[in-house]
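What follows is the content of structure.pdb (PDB, C-alpha atoms, pLDDT in the B column).
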ATOM      1  CA  SER A 283       0.000   0.000   0.000  1.00 91.00           C
ATOM      2  CA  ILE A 284       2.935   2.357   0.657  1.00 92.00           C
ATOM      3  CA  LEU A 285       3.952   2.108  -2.997  1.00 92.00           C
ATOM      4  CA  TRP A 286       0.516   3.147  -4.204  1.00 93.00           C
ATOM      5  CA  TYR A 287       0.171   5.938  -1.636  1.00 94.00           C
ATOM      6  CA  GLU A 288       3.564   7.292  -2.750  1.00 93.00           C
ATOM      7  CA  ARG A 289       2.438   7.163  -6.381  1.00 91.00           C
ATOM      8  CA  ALA A 290      -0.819   8.916  -5.493  1.00 91.00           C
ATOM      9  CA  LEU A 291       1.114  11.557  -3.567  1.00 88.00           C
ATOM     10  CA  LYS A 292       3.170  12.282  -6.685  1.00 87.00           C
ATOM     11  CA  LEU A 293      -0.042  13.019  -8.564  1.00 83.00           C
ATOM     12  CA  ASP A 294      -1.609  15.113  -5.801  1.00 83.00           C
ATOM     13  CA  PRO A 295       1.097  16.261  -3.365  1.00 81.00           C
ATOM     14  CA  GLY A 296      -1.186  18.453  -1.264  1.00 79.00           C
ATOM     15  CA  ASN A 297      -3.821  15.794  -0.535  1.00 86.00           C
ATOM     16  CA  GLU A 298      -4.053  15.461   3.234  1.00 90.00           C
ATOM     17  CA  ASP A 299      -5.926  12.125   3.098  1.00 94.00           C
ATOM     18  CA  ILE A 300      -3.114  10.523   1.112  1.00 93.00           C
ATOM     19  CA  GLN A 301      -0.524  11.992   3.478  1.00 91.00           C
ATOM     20  CA  HIS A 302      -2.417  10.680   6.516  1.00 94.00           C
ATOM     21  CA  ASN A 303      -2.871   7.197   5.030  1.00 94.00           C
ATOM     22  CA  LEU A 304       0.783   7.078   3.982  1.00 92.00           C
ATOM     23  CA  ALA A 305       1.896   8.053   7.490  1.00 90.00           C
ATOM     24  CA  PHE A 306      -0.329   5.329   8.942  1.00 92.00           C
ATOM     25  CA  ALA A 307       1.067   2.725   6.518  1.00 91.00           C
ATOM     26  CA  ASN A 308       4.647   3.812   7.284  1.00 88.00           C
ATOM     27  CA  ASN A 309       3.967   3.303  11.006  1.00 87.00           C
ATOM     28  CA  GLN A 310       3.156  -0.338  10.251  1.00 87.00           C
ATOM     29  CA  THR A 311       6.587  -1.101   8.739  1.00 87.00           C
ATOM     30  CA  ILE A 312       9.111  -3.194  10.625  1.00 84.00           C
ATOM     31  CA  ASP A 313      12.080  -0.875  10.047  1.00 82.00           C
ATOM     32  CA  LYS A 314      11.832   2.534  11.635  1.00 76.00           C
ATOM     33  CA  ILE A 315      14.270   4.617   9.610  1.00 74.00           C
ATOM     34  CA  TYR A 316      14.143   8.192  10.807  1.00 68.00           C
ATOM     35  CA  GLN A 317      15.533  11.113   8.935  1.00 67.00           C
ATOM     36  CA  SER A 318      16.851  14.213  10.587  1.00 68.00           C
ATOM     37  CA  GLU A 319      14.481  17.117  11.150  1.00 76.00           C
ATOM     38  CA  GLU A 320      14.332  19.541   8.226  1.00 79.00           C
ATOM     39  CA  PHE A 321      15.184  23.200   8.660  1.00 88.00           C
ATOM     40  CA  PHE A 322      11.953  25.181   9.190  1.00 89.00           C
ATOM     41  CA  LEU A 323      12.408  27.229   6.003  1.00 92.00           C
ATOM     42  CA  THR A 324      12.829  24.031   3.971  1.00 90.00           C
ATOM     43  CA  ARG A 325       9.647  22.636   5.534  1.00 88.00           C
ATOM     44  CA  TRP A 326       7.814  25.894   4.783  1.00 92.00           C
ATOM     45  CA  TRP A 327       9.067  25.949   1.186  1.00 91.00           C
ATOM     46  CA  LYS A 328       7.993  22.330   0.560  1.00 88.00           C
ATOM     47  CA  GLY A 329       4.620  23.011   2.145  1.00 88.00           C
ATOM     48  CA  LEU A 330       4.055  25.966  -0.164  1.00 91.00           C
ATOM     49  CA  LEU A 331       5.363  24.058  -3.178  1.00 90.00           C
ATOM     50  CA  HIS A 332       3.054  21.118  -2.527  1.00 86.00           C
ATOM     51  CA  ALA A 333       0.027  23.238  -1.675  1.00 88.00           C
ATOM     52  CA  GLY A 334      -1.139  22.530  -5.207  1.00 86.00           C
ATOM     53  CA  SER A 335      -0.431  20.256  -8.129  1.00 87.00           C
ATOM     54  CA  ALA A 336       1.333  21.310 -11.321  1.00 91.00           C
ATOM     55  CA  LYS A 337      -2.065  21.947 -12.901  1.00 92.00           C
ATOM     56  CA  THR A 338      -3.190  24.142 -10.002  1.00 93.00           C
ATOM     57  CA  TRP A 339       0.012  26.210 -10.117  1.00 95.00           C
ATOM     58  CA  SER A 340      -0.350  26.558 -13.907  1.00 97.00           C
ATOM     59  CA  ILE A 341      -3.849  27.963 -13.492  1.00 97.00           C
ATOM     60  CA  TRP A 342      -2.602  30.393 -10.839  1.00 97.00           C
ATOM     61  CA  SER A 343       0.183  31.554 -13.155  1.00 98.00           C
ATOM     62  CA  ILE A 344      -2.396  32.375 -15.848  1.00 98.00           C
ATOM     63  CA  VAL A 345      -4.520  34.295 -13.325  1.00 98.00           C
ATOM     64  CA  PHE A 346      -1.489  36.267 -12.125  1.00 98.00           C
ATOM     65  CA  CYS A 347      -0.473  36.967 -15.731  1.00 98.00           C
ATOM     66  CA  VAL A 348      -3.921  38.349 -16.598  1.00 98.00           C
ATOM     67  CA  PHE A 349      -3.989  40.626 -13.541  1.00 97.00           C
ATOM     68  CA  THR A 350      -0.413  41.759 -14.192  1.00 97.00           C
ATOM     69  CA  CYS A 351      -1.439  42.779 -17.715  1.00 97.00           C
ATOM     70  CA  VAL A 352      -4.529  44.578 -16.379  1.00 96.00           C
ATOM     71  CA  PHE A 353      -2.459  46.659 -13.976  1.00 96.00           C
ATOM     72  CA  ILE A 354       0.148  47.405 -16.656  1.00 96.00           C
ATOM     73  CA  ALA A 355      -2.665  48.676 -18.858  1.00 96.00           C
ATOM     74  CA  PHE A 356      -3.990  50.703 -15.944  1.00 94.00           C
ATOM     75  CA  ILE A 357      -0.542  52.319 -15.549  1.00 94.00           C
ATOM     76  CA  LEU A 358      -0.764  53.482 -19.155  1.00 93.00           C
ATOM     77  CA  ILE A 359      -4.308  54.902 -18.984  1.00 94.00           C
ATOM     78  CA  ALA A 360      -4.482  56.288 -15.419  1.00 91.00           C
ATOM     79  CA  LYS A 361      -4.471  60.066 -15.111  1.00 91.00           C
ATOM     80  CA  CYS A 362      -3.666  60.272 -11.388  1.00 93.00           C
ATOM     81  CA  ALA A 363      -0.024  59.724 -10.402  1.00 94.00           C
ATOM     82  CA  ASN A 364      -1.017  57.929  -7.189  1.00 95.00           C
ATOM     83  CA  TRP A 365      -3.076  55.391  -9.165  1.00 94.00           C
ATOM     84  CA  ARG A 366      -0.156  54.855 -11.533  1.00 95.00           C
ATOM     85  CA  ILE A 367       2.251  54.239  -8.648  1.00 96.00           C
ATOM     86  CA  ALA A 368      -0.166  51.841  -6.946  1.00 95.00           C
ATOM     87  CA  SER A 369      -0.765  50.020 -10.249  1.00 96.00           C
ATOM     88  CA  PHE A 370       2.972  49.783 -10.845  1.00 96.00           C
ATOM     89  CA  PHE A 371       3.629  48.124  -7.489  1.00 97.00           C
ATOM     90  CA  LEU A 372       0.642  45.807  -7.894  1.00 97.00           C
ATOM     91  CA  ALA A 373       1.835  44.801 -11.364  1.00 97.00           C
ATOM     92  CA  ILE A 374       5.333  44.085 -10.006  1.00 98.00           C
ATOM     93  CA  SER A 375       3.922  42.046  -7.091  1.00 98.00           C
ATOM     94  CA  LEU A 376       1.603  40.043  -9.310  1.00 97.00           C
ATOM     95  CA  GLY A 377       4.422  39.499 -11.819  1.00 97.00           C
ATOM     96  CA  ILE A 378       6.589  38.049  -9.049  1.00 98.00           C
ATOM     97  CA  CYS A 379       3.693  35.817  -7.959  1.00 97.00           C
ATOM     98  CA  MET A 380       3.313  34.698 -11.587  1.00 98.00           C
ATOM     99  CA  ILE A 381       6.996  33.776 -11.792  1.00 98.00           C
ATOM    100  CA  PHE A 382       6.818  31.794  -8.534  1.00 97.00           C
ATOM    101  CA  SER A 383       3.685  29.950  -9.654  1.00 97.00           C
ATOM    102  CA  ILE A 384       5.362  29.006 -12.946  1.00 97.00           C
ATOM    103  CA  VAL A 385       8.425  27.745 -11.074  1.00 97.00           C
ATOM    104  CA  PHE A 386       6.215  25.756  -8.670  1.00 96.00           C
ATOM    105  CA  ALA A 387       4.317  24.224 -11.607  1.00 95.00           C
ATOM    106  CA  ILE A 388       7.582  23.196 -13.282  1.00 96.00           C
ATOM    107  CA  ILE A 389       9.001  21.691 -10.085  1.00 94.00           C
ATOM    108  CA  ASN A 390       5.780  19.796  -9.324  1.00 92.00           C
ATOM    109  CA  LYS A 391       5.624  18.448 -12.873  1.00 93.00           C
ATOM    110  CA  LYS A 392       9.254  17.346 -12.673  1.00 93.00           C
ATOM    111  CA  GLU A 393       8.667  15.597  -9.332  1.00 89.00           C
ATOM    112  CA  ALA A 394       5.522  13.887 -10.639  1.00 87.00           C
ATOM    113  CA  THR A 395       7.310  12.499 -13.687  1.00 91.00           C
ATOM    114  CA  SER A 396      10.629  11.613 -12.069  1.00 91.00           C
ATOM    115  CA  HIS A 397      11.428   8.007 -11.223  1.00 90.00           C
ATOM    116  CA  ASN A 398      14.256   8.404  -8.727  1.00 94.00           C
ATOM    117  CA  GLU A 399      12.695   6.755  -5.684  1.00 95.00           C
ATOM    118  CA  LEU A 400      11.710   3.199  -4.891  1.00 96.00           C
ATOM    119  CA  ILE A 401       9.931   1.074  -2.324  1.00 95.00           C
ATOM    120  CA  VAL A 402      11.228  -2.266  -1.053  1.00 95.00           C
ATOM    121  CA  THR A 403       8.571  -4.866  -1.923  1.00 94.00           C
ATOM    122  CA  GLN A 404      10.105  -8.056  -0.491  1.00 93.00           C
ATOM    123  CA  LEU A 405       9.807  -9.056   3.166  1.00 92.00           C
ATOM    124  CA  ASN A 406      13.553  -8.970   3.885  1.00 93.00           C
ATOM    125  CA  VAL A 407      16.214  -7.647   1.529  1.00 94.00           C
ATOM    126  CA  VAL A 408      19.977  -7.551   2.070  1.00 95.00           C
ATOM    127  CA  ILE A 409      21.761  -4.382   0.979  1.00 96.00           C
ATOM    128  CA  LYS A 410      25.113  -5.095  -0.667  1.00 96.00           C
ATOM    129  CA  SER A 411      28.321  -3.068  -0.906  1.00 95.00           C
ATOM    130  CA  THR A 412      28.645  -3.736  -4.658  1.00 95.00           C
ATOM    131  CA  PRO A 413      26.127  -4.573  -7.402  1.00 95.00           C
ATOM    132  CA  ASP A 414      26.881  -8.282  -7.201  1.00 93.00           C
ATOM    133  CA  ILE A 415      25.433 -11.253  -5.324  1.00 93.00           C
ATOM    134  CA  SER A 416      28.892 -11.955  -3.901  1.00 94.00           C
ATOM    135  CA  GLY A 417      29.219  -8.399  -2.552  1.00 93.00           C
ATOM    136  CA  THR A 418      29.571  -7.787   1.159  1.00 95.00           C
ATOM    137  CA  ASP A 419      26.294  -7.659   3.107  1.00 95.00           C
ATOM    138  CA  LEU A 420      25.969  -4.214   4.676  1.00 95.00           C
ATOM    139  CA  PHE A 421      22.566  -4.409   6.365  1.00 92.00           C
ATOM    140  CA  SER A 422      19.049  -5.582   5.658  1.00 93.00           C
ATOM    141  CA  VAL A 423      15.771  -3.748   5.205  1.00 93.00           C
ATOM    142  CA  HIS A 424      12.183  -4.889   5.201  1.00 92.00           C
ATOM    143  CA  GLU A 425       9.138  -4.358   3.042  1.00 94.00           C
ATOM    144  CA  GLY A 426       7.766  -0.824   2.728  1.00 92.00           C
ATOM    145  CA  ILE A 427      10.998   1.143   3.108  1.00 93.00           C
ATOM    146  CA  LYS A 428      11.478   4.074   0.738  1.00 93.00           C
ATOM    147  CA  ALA A 429      14.865   4.971  -0.744  1.00 94.00           C
ATOM    148  CA  LYS A 430      16.302   7.378  -3.296  1.00 95.00           C
ATOM    149  CA  ILE A 431      18.011   5.947  -6.382  1.00 96.00           C
ATOM    150  CA  THR A 432      21.511   7.390  -6.789  1.00 95.00           C
ATOM    151  CA  ASP A 433      22.825   5.058  -9.509  1.00 95.00           C
ATOM    152  CA  GLN A 434      21.814   1.973 -11.418  1.00 94.00           C
ATOM    153  CA  THR A 435      23.373  -0.822 -13.367  1.00 93.00           C
ATOM    154  CA  LYS A 436      21.971  -3.964 -14.955  1.00 91.00           C
ATOM    155  CA  GLY A 437      19.542  -5.450 -12.421  1.00 93.00           C
ATOM    156  CA  TRP A 438      20.798  -3.333  -9.487  1.00 96.00           C
ATOM    157  CA  TYR A 439      20.048   0.049  -7.930  1.00 97.00           C
ATOM    158  CA  GLU A 440      22.376   2.017  -5.711  1.00 96.00           C
ATOM    159  CA  VAL A 441      20.115   3.541  -3.087  1.00 96.00           C
ATOM    160  CA  LYS A 442      20.333   6.063  -0.285  1.00 94.00           C
ATOM    161  CA  PHE A 443      17.999   5.671   2.661  1.00 92.00           C
ATOM    162  CA  PRO A 444      16.581   8.576   4.726  1.00 86.00           C
ATOM    163  CA  ASN A 445      19.176   7.936   7.449  1.00 86.00           C
ATOM    164  CA  ASN A 446      21.928   8.457   4.799  1.00 87.00           C
ATOM    165  CA  GLU A 447      22.987   4.799   4.593  1.00 91.00           C
ATOM    166  CA  LYS A 448      23.878   3.707   1.052  1.00 95.00           C
ATOM    167  CA  GLY A 449      24.160   0.392  -0.712  1.00 96.00           C
ATOM    168  CA  TRP A 450      23.120  -1.716  -3.681  1.00 97.00           C
ATOM    169  CA  ILE A 451      19.806  -3.546  -3.973  1.00 96.00           C
ATOM    170  CA  GLN A 452      18.563  -5.962  -6.621  1.00 96.00           C
ATOM    171  CA  ALA A 453      15.893  -4.531  -8.917  1.00 95.00           C
ATOM    172  CA  GLU A 454      13.687  -7.592  -8.454  1.00 96.00           C
ATOM    173  CA  ASN A 455      13.249  -6.711  -4.754  1.00 96.00           C
ATOM    174  CA  VAL A 456      11.909  -3.202  -5.282  1.00 96.00           C
ATOM    175  CA  GLU A 457       9.356  -1.216  -7.213  1.00 94.00           C
ATOM    176  CA  VAL A 458      10.155   2.229  -8.612  1.00 95.00           C
ATOM    177  CA  ILE A 459       7.669   4.914  -7.616  1.00 92.00           C
TER     178      ILE A 459
END

In structure tokens, write the structure found in this file.
Amino acid sequence: SILWYERALKLDPGNEDIQHNLAFANNQTIDKIYQSEEFFLTRWWKGLLHAGSAKTWSIWSIVFCVFTCVFIAFILIAKCANWRIASFFLAISLGICMIFSIVFAIINKKEATSHNELIVTQLNVVIKSTPDISGTDLFSVHEGIKAKITDQTKGWYEVKFPNNEKGWIQAENVEVI
């Protein structure tokens, strides 16, 4: 279920139901791999980034673009200097919001289409030091653990776990998100 919740979260990163169900499923795993606490600005940035999907951020960028153009036009036709100044600052602010929403849409789209994470699907998997059956056993992990793919070779993935441990895992024991 963790695999499918992770896939669903890629499609709709701001969905609180998916996040709750994923957290519940992760609590049921055997291995408790904890990652260090993120810096509060990083947490804030990710929260803002995942407040909407790529489609939502694209729609917001169009809205900001339209209002930016309206205020630019108002700068050109306004007679009063105070209205021109106010319109100028509003156009600048909305233009900045438009740029951020475009960047957020691009990042969300990239995250949704990337395949650089995986979930262990076998009950018990040994992590090796090299991409070979005869490689040294480093440690073992259990079903449901998520890892980031750092490299791959025929039938093997080099992975990095949230606690920064690295090693090689056979492709047949995992499913790419």

(Q) I'd like to know which of A:Ala429, A:Ile451, A:Ile388, A:Ile357 is closest to Ile409 in chain A, using only C-alpha atoms. (A) A:Ile451

Report as a short mmCIF file (atom, residue, chain, number, x, y, z; two decimals) with C-alpha atoms, in the frame of the given file the residues that result from applying the PyMOL selection byres ((chain A and resi 330-346) around 8) to the structure here.
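Saved result, result-v1.cif, follows:
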data_model
loop_
_atom_site.label_atom_id
_atom_site.label_comp_id
_atom_site.auth_asym_id
_atom_site.auth_seq_id
_atom_site.Cartn_x
_atom_site.Cartn_y
_atom_site.Cartn_z
CA LEU A 293 -0.04 13.02 -8.56
CA ASP A 294 -1.61 15.11 -5.80
CA PRO A 295 1.10 16.26 -3.36
CA GLY A 296 -1.19 18.45 -1.26
CA TRP A 326 7.81 25.89 4.78
CA TRP A 327 9.07 25.95 1.19
CA LYS A 328 7.99 22.33 0.56
CA GLY A 329 4.62 23.01 2.14
CA CYS A 347 -0.47 36.97 -15.73
CA VAL A 348 -3.92 38.35 -16.60
CA PHE A 349 -3.99 40.63 -13.54
CA THR A 350 -0.41 41.76 -14.19
CA LEU A 376 1.60 40.04 -9.31
CA GLY A 377 4.42 39.50 -11.82
CA CYS A 379 3.69 35.82 -7.96
CA MET A 380 3.31 34.70 -11.59
CA ILE A 381 7.00 33.78 -11.79
CA SER A 383 3.68 29.95 -9.65
CA ILE A 384 5.36 29.01 -12.95
CA PHE A 386 6.22 25.76 -8.67
CA ALA A 387 4.32 24.22 -11.61
CA ILE A 388 7.58 23.20 -13.28
CA ILE A 389 9.00 21.69 -10.09
CA ASN A 390 5.78 19.80 -9.32
CA LYS A 391 5.62 18.45 -12.87
#

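Here CA of Ile401 in chain A stands at a distance of 4.6 Å from CA of Lys428 in chain A.
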
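The gap separating CA of Leu285 in chain A from CA of Ala453 in chain A is 14.9 Å, in Å to one decimal.
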
(Q) Applying the PyMOL selection byres ((chain A and resi 438) around 10) to the file I just gave you, which residues come out? Please list them as JSON, numbers by chain. (A) {"A": [410, 412, 413, 414, 433, 434, 435, 436, 437, 439, 440, 441, 450, 451, 452, 453, 454, 455, 456]}

Q: For CA of Ile431 in chain A and CA of Glu320 in chain A, quote the distance in Å rounded to one decimal.
A: 20.3 Å

Q: Evaluate the PyMOL selection byres ((chain A and resi 458) around 8) here and jot the selected residues down as a list in words.
A: His397, Asn398, Glu399, Leu400, Ile401, Val456, Glu457 and Ile459 of chain A

With C-alpha atoms kept, could you save the residues just selected as a PDB file, keeping the file's coordinate frame?
ATOM      1  CA  HIS A 397      11.428   8.007 -11.223  1.00 90.00           C
ATOM      2  CA  ASN A 398      14.256   8.404  -8.727  1.00 94.00           C
ATOM      3  CA  GLU A 399      12.695   6.755  -5.684  1.00 95.00           C
ATOM      4  CA  LEU A 400      11.710   3.199  -4.891  1.00 96.00           C
ATOM      5  CA  ILE A 401       9.931   1.074  -2.324  1.00 95.00           C
ATOM      6  CA  VAL A 456      11.909  -3.202  -5.282  1.00 96.00           C
ATOM      7  CA  GLU A 457       9.356  -1.216  -7.213  1.00 94.00           C
ATOM      8  CA  ILE A 459       7.669   4.914  -7.616  1.00 92.00           C
TER       9      ILE A 459
END

Which centre and edge lengths in Å to one decimal define the box along x, y and z that fits every listed atom of range 299-302 of chain A plus 3 Å per side, as JSON?
{"center_x": -3.2, "center_y": 11.3, "center_z": 3.8, "size_x": 11.4, "size_y": 7.6, "size_z": 11.4}

If we count all atoms listed in the file and set the cut-off at 9 Å, which residues sit around range 302-318 of chain A, ignoring sequence neighbours fewer than 6 positions away in its own chain? Please answer as a JSON list (two decimals) with C-alpha atoms, keeping the file's coordinate frame.
[["chain", "number", "residue", "atom", "x", "y", "z"],
["A", 283, "SER", "CA", 0.00, 0.00, 0.00],
["A", 284, "ILE", "CA", 2.94, 2.36, 0.66],
["A", 287, "TYR", "CA", 0.17, 5.94, -1.64],
["A", 288, "GLU", "CA", 3.56, 7.29, -2.75],
["A", 291, "LEU", "CA", 1.11, 11.56, -3.57],
["A", 423, "VAL", "CA", 15.77, -3.75, 5.20],
["A", 424, "HIS", "CA", 12.18, -4.89, 5.20],
["A", 425, "GLU", "CA", 9.14, -4.36, 3.04],
["A", 426, "GLY", "CA", 7.77, -0.82, 2.73],
["A", 427, "ILE", "CA", 11.00, 1.14, 3.11],
["A", 443, "PHE", "CA", 18.00, 5.67, 2.66],
["A", 444, "PRO", "CA", 16.58, 8.58, 4.73],
["A", 445, "ASN", "CA", 19.18, 7.94, 7.45],
["A", 446, "ASN", "CA", 21.93, 8.46, 4.80]]

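Within 9 Å of the point (19.3, -10.0, 5.6), and counting only C-alpha atoms, the protein, DNA and RNA residues are Asn406, Val407, Val408, Ile409, Asp419, Leu420, Phe421, Ser422, Val423 and His424 of chain A.
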